[in-house]
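Chemist: For reference, this is my_file15.cif, and it has mmCIF, C-alpha atoms.
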data_start
loop_
_atom_site.label_atom_id
_atom_site.label_comp_id
_atom_site.auth_asym_id
_atom_site.auth_seq_id
_atom_site.Cartn_x
_atom_site.Cartn_y
_atom_site.Cartn_z
CA MET J 1 8.33 11.08 10.80
CA ARG J 2 6.09 8.59 12.57
CA GLN J 3 5.79 5.08 11.27
CA LYS J 4 2.37 3.64 10.67
CA ILE J 5 1.48 0.81 13.00
CA LYS J 6 0.69 -2.12 10.74
CA ILE J 7 -1.02 -4.50 13.17
CA PRO J 8 -4.56 -3.35 13.99
CA ARG J 9 -5.38 -3.40 17.68
CA ILE J 10 -8.46 -2.31 19.54
CA ILE J 11 -7.52 0.01 22.39
CA LYS J 12 -11.01 0.94 23.61
CA ILE J 13 -14.60 -0.22 23.34
CA GLU J 14 -16.42 3.08 23.00
CA LYS J 15 -20.02 1.91 22.77
CA VAL J 16 -22.07 -1.28 22.57
CA GLN J 17 -25.62 -0.93 21.31
CA ASP J 18 -27.77 -3.78 20.05
CA PHE J 19 -25.40 -5.85 17.88
CA GLN J 20 -23.11 -2.94 17.05
CA ILE J 21 -19.80 -2.20 18.72
CA GLN J 22 -17.93 1.07 18.28
CA CYS J 23 -14.20 0.68 18.90
CA MET J 24 -11.13 2.87 18.87
CA PHE J 25 -8.22 1.27 17.05
CA ASN J 26 -4.55 1.99 17.65
CA ASN J 27 -4.40 4.21 14.56
CA GLY J 28 -6.83 6.60 16.31
CA GLU J 29 -9.83 5.71 14.16
CA SER J 30 -13.22 5.03 15.65
CA ARG J 31 -14.75 2.16 13.72
CA LEU J 32 -18.16 0.49 13.80
CA LEU J 33 -18.64 -3.27 13.79
CA ASP J 34 -22.16 -4.32 12.80
CA PHE J 35 -22.38 -7.87 14.10
CA LYS J 36 -25.91 -8.36 12.81
CA LYS J 37 -24.50 -8.03 9.31
CA ILE J 38 -21.33 -9.96 10.18
CA PHE J 39 -23.24 -12.89 11.70
CA ASP J 40 -25.69 -12.88 8.76
CA ASP J 41 -22.75 -13.01 6.33
CA TRP J 42 -21.21 -15.85 8.34
CA LYS J 43 -24.56 -17.71 8.30
CA ILE J 44 -24.34 -18.67 11.99
CA VAL J 45 -26.19 -21.90 12.92
CA LYS J 46 -26.80 -23.66 16.26
CA THR J 47 -23.63 -25.74 15.98
CA ASP J 48 -21.37 -22.70 15.54
CA VAL J 49 -19.38 -21.42 18.51
CA GLU J 50 -20.76 -17.91 17.85
CA PHE J 51 -24.39 -19.05 18.20
CA PRO J 52 -24.77 -17.94 21.87
CA LEU J 53 -23.81 -14.41 20.78
CA LEU J 54 -27.07 -14.13 18.82
CA ASP J 55 -28.67 -13.56 22.25
CA PRO J 56 -28.41 -9.80 22.95
CA LYS J 57 -27.72 -10.40 26.66
CA GLU J 58 -24.79 -12.68 25.87
CA PHE J 59 -23.50 -10.43 23.10
CA LYS J 60 -23.31 -7.40 25.42
CA LYS J 61 -20.88 -9.24 27.71
CA VAL J 62 -18.08 -8.29 25.33
CA THR J 63 -14.82 -7.07 26.88
CA LEU J 64 -11.46 -5.90 25.64
CA ARG J 65 -8.73 -8.50 26.08
CA ASN J 66 -5.32 -8.59 24.39
CA PHE J 67 -6.34 -5.65 22.17
CA THR J 68 -9.31 -7.45 20.66
CA LEU J 69 -12.94 -8.24 21.44
CA SER J 70 -13.47 -11.12 23.82
CA TRP J 71 -16.49 -12.96 25.19
CA SER J 72 -15.55 -15.01 28.27
CA ASN J 73 -19.16 -16.22 28.42
CA VAL J 74 -18.54 -18.19 25.20
CA GLU J 75 -15.80 -20.73 25.63
CA ILE J 76 -13.86 -22.53 22.97
CA LYS J 77 -11.74 -25.61 23.53
CA LEU J 78 -8.37 -25.84 21.80
CA LYS J 79 -5.55 -28.34 21.98
CA ASN J 80 -2.17 -26.98 23.02
CA GLU J 81 1.21 -28.15 21.69
CA ASN J 82 1.15 -31.05 24.19
CA GLY J 83 -2.21 -32.27 22.88
CA GLU J 84 -4.01 -31.19 26.06
CA THR J 85 -7.36 -29.44 25.76
CA GLU J 86 -7.50 -25.84 27.01
CA THR J 87 -10.51 -23.58 27.41
CA HIS J 88 -10.32 -20.02 26.10
CA PRO J 89 -12.79 -17.16 25.73
CA TYR J 90 -14.17 -16.61 22.24
CA GLU J 91 -12.22 -13.89 20.46
CA ILE J 92 -12.01 -12.56 16.94
CA GLY J 93 -8.65 -11.22 15.83
CA ALA J 94 -8.37 -7.43 15.68
CA ASP J 95 -7.06 -7.67 12.11
CA VAL J 96 -10.26 -9.48 11.07
CA LEU J 97 -12.41 -7.01 13.01
CA TYR J 98 -10.62 -4.06 11.41
CA ASN J 99 -11.41 -5.40 7.95
CA LEU J 100 -15.06 -6.01 8.91
CA SER J 101 -15.55 -2.53 10.34
CA GLU J 102 -16.41 0.85 8.89
CA VAL J 103 -14.67 4.11 9.76
CA LEU J 104 -16.86 6.50 11.73
CA LYS J 105 -16.64 10.16 10.91
CA ILE J 106 -16.44 11.72 14.36
CA VAL J 107 -17.33 15.38 14.64
CA ALA J 108 -14.20 16.56 16.37
CA LYS J 109 -13.79 19.44 18.73
CA PRO J 110 -11.51 22.18 17.43
CA ARG J 111 -8.03 20.87 16.91
CA PHE J 112 -4.85 22.57 18.05
CA GLY J 113 -4.45 24.29 14.69
CA SER J 114 -7.70 26.22 15.08
CA LEU J 115 -6.69 27.27 18.58
CA ILE J 116 -3.28 28.45 17.38
CA ARG J 117 -4.76 30.41 14.46
CA THR J 118 -7.34 32.14 16.68
CA ALA J 119 -4.69 33.08 19.28
CA ARG J 120 -2.24 34.25 16.60
CA LEU J 121 -4.81 36.52 14.95
CA LYS J 122 -5.93 37.87 18.32
CA ALA J 123 -2.27 38.70 19.10
CA GLY J 124 -1.96 40.46 15.71
CA LEU J 125 0.85 38.20 14.50
CA THR J 126 1.55 36.82 11.05
CA GLN J 127 2.44 33.17 10.61
CA ALA J 128 6.03 34.21 9.91
CA GLN J 129 6.23 36.26 13.12
CA LEU J 130 4.81 33.42 15.21
CA ALA J 131 7.21 30.97 13.57
CA GLN J 132 10.22 33.18 14.29
CA ARG J 133 9.24 33.70 17.94
CA SER J 134 8.62 29.98 18.52
CA GLY J 135 11.61 28.62 16.61
CA THR J 136 9.62 26.91 13.85
CA SER J 137 8.92 27.75 10.21
CA ARG J 138 6.03 29.64 8.64
CA PHE J 139 5.32 26.50 6.58
CA TYR J 140 4.99 24.45 9.79
CA ILE J 141 2.66 27.03 11.38
CA SER J 142 0.54 26.99 8.22
CA ARG J 143 0.32 23.19 8.26
CA LEU J 144 -0.63 23.24 11.96
CA GLU J 145 -3.32 25.87 11.48
CA ASN J 146 -4.82 23.85 8.64
CA ASN J 147 -4.69 20.61 10.68
CA LYS J 148 -2.37 19.00 8.13
CA THR J 149 0.20 17.79 10.66
CA ASP J 150 0.32 16.43 14.18
CA LEU J 151 1.75 18.43 17.02
CA GLU J 152 4.00 17.27 19.82
CA MET J 153 3.31 18.72 23.25
CA SER J 154 6.79 20.26 23.49
CA THR J 155 6.28 22.10 20.19
CA PHE J 156 2.81 23.22 21.25
CA ARG J 157 4.33 24.61 24.44
CA LYS J 158 6.98 26.53 22.45
CA ILE J 159 4.34 28.05 20.18
CA VAL J 160 2.02 29.01 23.03
CA GLU J 161 4.57 30.23 25.55
CA ALA J 162 7.43 31.60 23.43
CA GLY J 163 5.50 32.47 20.29
CA LEU J 164 2.25 33.78 21.71
CA GLY J 165 3.49 34.82 25.16
CA LYS J 166 0.75 32.84 26.88
CA ASN J 167 0.75 30.15 29.55
CA LEU J 168 -0.10 26.62 28.49
CA LYS J 169 -2.61 24.88 30.74
CA VAL J 170 -3.90 21.39 29.93
CA LEU J 171 -7.22 20.19 31.36
CA ILE J 172 -8.42 16.62 31.01
CA GLU J 173 -12.05 16.14 31.96
#
As C-alpha cells, how would this structure be written, given the file I've shared?
Modeler:
Amino acid sequence: MRQKIKIPRIIKIEKVQDFQIQCMFNNGESRLLDFKKIFDDWKIVKTDVEFPLLDPKEFKKVTLRNFTLSWSNVEIKLKNENGETETHPYEIGADVLYNLSEVLKIVAKPRFGSLIRTARLKAGLTQAQLAQRSGTSRFYISRLENNKTDLEMSTFRKIVEAGLGKNLKVLIE
C-alpha cells in the first residue's frame, strides 16, 4: 500500500489569472490560491515585503522554485549563520500555501476503470473471467471498474493484454 506524502509540495503551476493561482500539489490535487483574499486577510501595507505583489504585473511573475511559489522580482534580505546578509526571492512555504488553498473539483476524463469495464463488457466477459485471465481477483477488478483503487501500469498491461486479449498502446499528447 502506498504511503501518503506528508509534506505538501507544489509540482506544477497550472494557471495564473488575476490574483489567483491554480497549482498541482504532490498528492495529485489541483488547488486554488486566491491571493486577493489571502492578502486582504494579511492586511498588507506599504512596509510589508509582499506589497509589490499587489501590482498585477509583479504578481504574475510567479515561478515554481523548490516546490513552492517564488517571486524573484521581490527580494528579501536574510542573515545567514555567519551574520552576513543574503538576498533571496520572496517565497511562501508550500505547507502554508496548501492550508490557504481550496481543492478544485476537476472534471476528469474517463479513468482506467471505465475503460476496463467497457472493454470487458464488449468482450462478453464477467469480472470473474477477466480476473482469472489476468491473474487478479474479481474483487480487484470490481474496485478498478468503480475507480476505488489505483492501477499500476504493469497490472493494467496484464488486464488489457492477457485478460482482454488486446494490445496496450499509450499516447501522451
Chemist: Pick out the residues sitting within 7 Å of range 28-32 of chain J, and hand them over as a PDB file with C-alpha atoms, in the frame of the given file; count all atoms listed in the file, and ignore anything fewer than 4 positions along from it in its own chain.
Modeler:
ATOM      1  CA  GLN J  20     -23.110  -2.940  17.050  1.00  0.00           C
ATOM      2  CA  ILE J  21     -19.800  -2.200  18.720  1.00  0.00           C
ATOM      3  CA  GLN J  22     -17.930   1.070  18.280  1.00  0.00           C
ATOM      4  CA  CYS J  23     -14.200   0.680  18.900  1.00  0.00           C
ATOM      5  CA  MET J  24     -11.130   2.870  18.870  1.00  0.00           C
ATOM      6  CA  SER J 101     -15.550  -2.530  10.340  1.00  0.00           C
ATOM      7  CA  GLU J 102     -16.410   0.850   8.890  1.00  0.00           C
ATOM      8  CA  VAL J 103     -14.670   4.110   9.760  1.00  0.00           C
ATOM      9  CA  LEU J 104     -16.860   6.500  11.730  1.00  0.00           C
TER      10      LEU J 104
END
Chemist: In Å, how far is it from CA of Glu152 in chain J to CA of Tyr98 in chain J?
Modeler: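 These atoms are spaced 27.2 Å apart.
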Chemist: Ranking J:Ile159, J:Ile7, J:Leu171, J:Leu78 by minimum distance to Leu115 in chain J and counting only C-alpha atoms, which one comes first?
Modeler: J:Ile159
Chemist: May I ask for the distance between CA of Leu100 in chain J and CA of Val16 in chain J, given in Å to one decimal place?
Modeler: 16.1 Å
Chemist: Let me know the residues the PyMOL selection byres ((chain J and resi 86-95) around 9) catches in the file above, as an NGL selection string.
Modeler: :J and (7-10 or 25 or 49-50 or 65 or 67-80 or 84-85 or 96-100)
Chemist: Go through the shown structure with the PyMOL selection byres ((chain J and resi 134) around 9) and write out the matching residues as a ChimeraX atom specification.
Modeler: /J:129-133,135-137,155,158-164
Chemist: Could you tell me how far CA of Asn167 in chain J sits from CA of Asn146 in chain J, in Å to one decimal place?
Modeler: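 Straight-line distance from CA of Asn146 in chain J to CA of Asn167 in chain J works out to 22.5 Å.
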Chemist: For range 33-47 of chain J, take all atoms listed in the file, fit an axis-aligned box around them, add 4 Å to each of the six sides, then output centre and edge lengths in Å rounded to one decimal, as AutoDock Vina command-line options.
Modeler:
--center_x -22.7 --center_y -14.5 --center_z 11.3 --size_x 16.2 --size_y 30.5 --size_z 17.9
Chemist: Apply the PyMOL selection byres ((chain J and resi 150) around 12) to the displayed file and report the matching residues as a JSON list (two decimals) with C-alpha atoms, keeping the file's coordinate frame.
Modeler:
[["chain", "number", "residue", "atom", "x", "y", "z"],
["J", 1, "MET", "CA", 8.33, 11.08, 10.80],
["J", 2, "ARG", "CA", 6.09, 8.59, 12.57],
["J", 111, "ARG", "CA", -8.03, 20.87, 16.91],
["J", 112, "PHE", "CA", -4.85, 22.57, 18.05],
["J", 113, "GLY", "CA", -4.45, 24.29, 14.69],
["J", 140, "TYR", "CA", 4.99, 24.45, 9.79],
["J", 141, "ILE", "CA", 2.66, 27.03, 11.38],
["J", 143, "ARG", "CA", 0.32, 23.19, 8.26],
["J", 144, "LEU", "CA", -0.63, 23.24, 11.96],
["J", 145, "GLU", "CA", -3.32, 25.87, 11.48],
["J", 146, "ASN", "CA", -4.82, 23.85, 8.64],
["J", 147, "ASN", "CA", -4.69, 20.61, 10.68],
["J", 148, "LYS", "CA", -2.37, 19.00, 8.13],
["J", 149, "THR", "CA", 0.20, 17.79, 10.66],
["J", 151, "LEU", "CA", 1.75, 18.43, 17.02],
["J", 152, "GLU", "CA", 4.00, 17.27, 19.82],
["J", 153, "MET", "CA", 3.31, 18.72, 23.25],
["J", 154, "SER", "CA", 6.79, 20.26, 23.49],
["J", 155, "THR", "CA", 6.28, 22.10, 20.19],
["J", 156, "PHE", "CA", 2.81, 23.22, 21.25]]
Chemist: Select, from J:Lys57, J:Arg120, J:Arg138, J:Lys37, the residue with the minimum atom-to-atom distance to Gly165 in chain J, counting only C-alpha atoms.
Modeler: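 Going through J:Lys57, J:Arg120, J:Arg138, J:Lys37 one by one, the smallest distance to Gly165 in chain J is for J:Arg120.
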Chemist: My structure is short of atoms at range 37-53 of chain J; please model N, CA and C atoms there, returning them as a PDB file, keeping the file's coordinate frame.
Modeler:
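The resulting file, out_3.pdb, is reproduced below:
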ATOM      1  N   LYS J  37     -24.927  -7.788  10.702  1.00  0.00           N
ATOM      2  CA  LYS J  37     -24.500  -8.030   9.310  1.00  0.00           C
ATOM      3  C   LYS J  37     -23.399  -9.096   9.264  1.00  0.00           C
ATOM      4  N   ILE J  38     -22.437  -8.991  10.173  1.00  0.00           N
ATOM      5  CA  ILE J  38     -21.330  -9.960  10.180  1.00  0.00           C
ATOM      6  C   ILE J  38     -21.851 -11.372  10.397  1.00  0.00           C
ATOM      7  N   PHE J  39     -22.710 -11.554  11.412  1.00  0.00           N
ATOM      8  CA  PHE J  39     -23.240 -12.890  11.700  1.00  0.00           C
ATOM      9  C   PHE J  39     -24.141 -13.379  10.566  1.00  0.00           C
ATOM     10  N   ASP J  40     -24.888 -12.474   9.921  1.00  0.00           N
ATOM     11  CA  ASP J  40     -25.690 -12.880   8.760  1.00  0.00           C
ATOM     12  C   ASP J  40     -24.780 -13.360   7.630  1.00  0.00           C
ATOM     13  N   ASP J  41     -23.700 -12.619   7.383  1.00  0.00           N
ATOM     14  CA  ASP J  41     -22.750 -13.010   6.330  1.00  0.00           C
ATOM     15  C   ASP J  41     -22.094 -14.349   6.650  1.00  0.00           C
ATOM     16  N   TRP J  42     -21.835 -14.601   7.924  1.00  0.00           N
ATOM     17  CA  TRP J  42     -21.210 -15.850   8.340  1.00  0.00           C
ATOM     18  C   TRP J  42     -22.203 -17.008   8.387  1.00  0.00           C
ATOM     19  N   LYS J  43     -23.497 -16.695   8.270  1.00  0.00           N
ATOM     20  CA  LYS J  43     -24.560 -17.710   8.300  1.00  0.00           C
ATOM     21  C   LYS J  43     -24.444 -18.607   9.537  1.00  0.00           C
ATOM     22  N   ILE J  44     -24.491 -17.974  10.705  1.00  0.00           N
ATOM     23  CA  ILE J  44     -24.340 -18.670  11.990  1.00  0.00           C
ATOM     24  C   ILE J  44     -25.510 -19.640  12.196  1.00  0.00           C
ATOM     25  N   VAL J  45     -25.182 -20.872  12.598  1.00  0.00           N
ATOM     26  CA  VAL J  45     -26.190 -21.900  12.920  1.00  0.00           C
ATOM     27  C   VAL J  45     -25.942 -22.395  14.342  1.00  0.00           C
ATOM     28  N   LYS J  46     -26.870 -23.186  14.866  1.00  0.00           N
ATOM     29  CA  LYS J  46     -26.800 -23.660  16.260  1.00  0.00           C
ATOM     30  C   LYS J  46     -25.503 -24.357  16.619  1.00  0.00           C
ATOM     31  N   THR J  47     -24.861 -24.991  15.680  1.00  0.00           N
ATOM     32  CA  THR J  47     -23.630 -25.740  15.980  1.00  0.00           C
ATOM     33  C   THR J  47     -22.386 -24.859  15.975  1.00  0.00           C
ATOM     34  N   ASP J  48     -22.520 -23.612  15.562  1.00  0.00           N
ATOM     35  CA  ASP J  48     -21.370 -22.700  15.540  1.00  0.00           C
ATOM     36  C   ASP J  48     -21.078 -22.147  16.925  1.00  0.00           C
ATOM     37  N   VAL J  49     -19.794 -21.939  17.208  1.00  0.00           N
ATOM     38  CA  VAL J  49     -19.380 -21.420  18.510  1.00  0.00           C
ATOM     39  C   VAL J  49     -19.968 -20.037  18.767  1.00  0.00           C
ATOM     40  N   GLU J  50     -20.220 -19.256  17.709  1.00  0.00           N
ATOM     41  CA  GLU J  50     -20.760 -17.910  17.850  1.00  0.00           C
ATOM     42  C   GLU J  50     -22.262 -17.884  18.164  1.00  0.00           C
ATOM     43  N   PHE J  51     -22.940 -19.013  18.050  1.00  0.00           N
ATOM     44  CA  PHE J  51     -24.390 -19.050  18.200  1.00  0.00           C
ATOM     45  C   PHE J  51     -24.906 -18.379  19.482  1.00  0.00           C
ATOM     46  N   PRO J  52     -24.271 -18.599  20.648  1.00  0.00           N
ATOM     47  CA  PRO J  52     -24.770 -17.940  21.870  1.00  0.00           C
ATOM     48  C   PRO J  52     -24.753 -16.410  21.773  1.00  0.00           C
ATOM     49  N   LEU J  53     -23.912 -15.859  20.908  1.00  0.00           N
ATOM     50  CA  LEU J  53     -23.810 -14.410  20.780  1.00  0.00           C
ATOM     51  C   LEU J  53     -24.990 -13.810  20.025  1.00  0.00           C
TER      52      LEU J  53
END
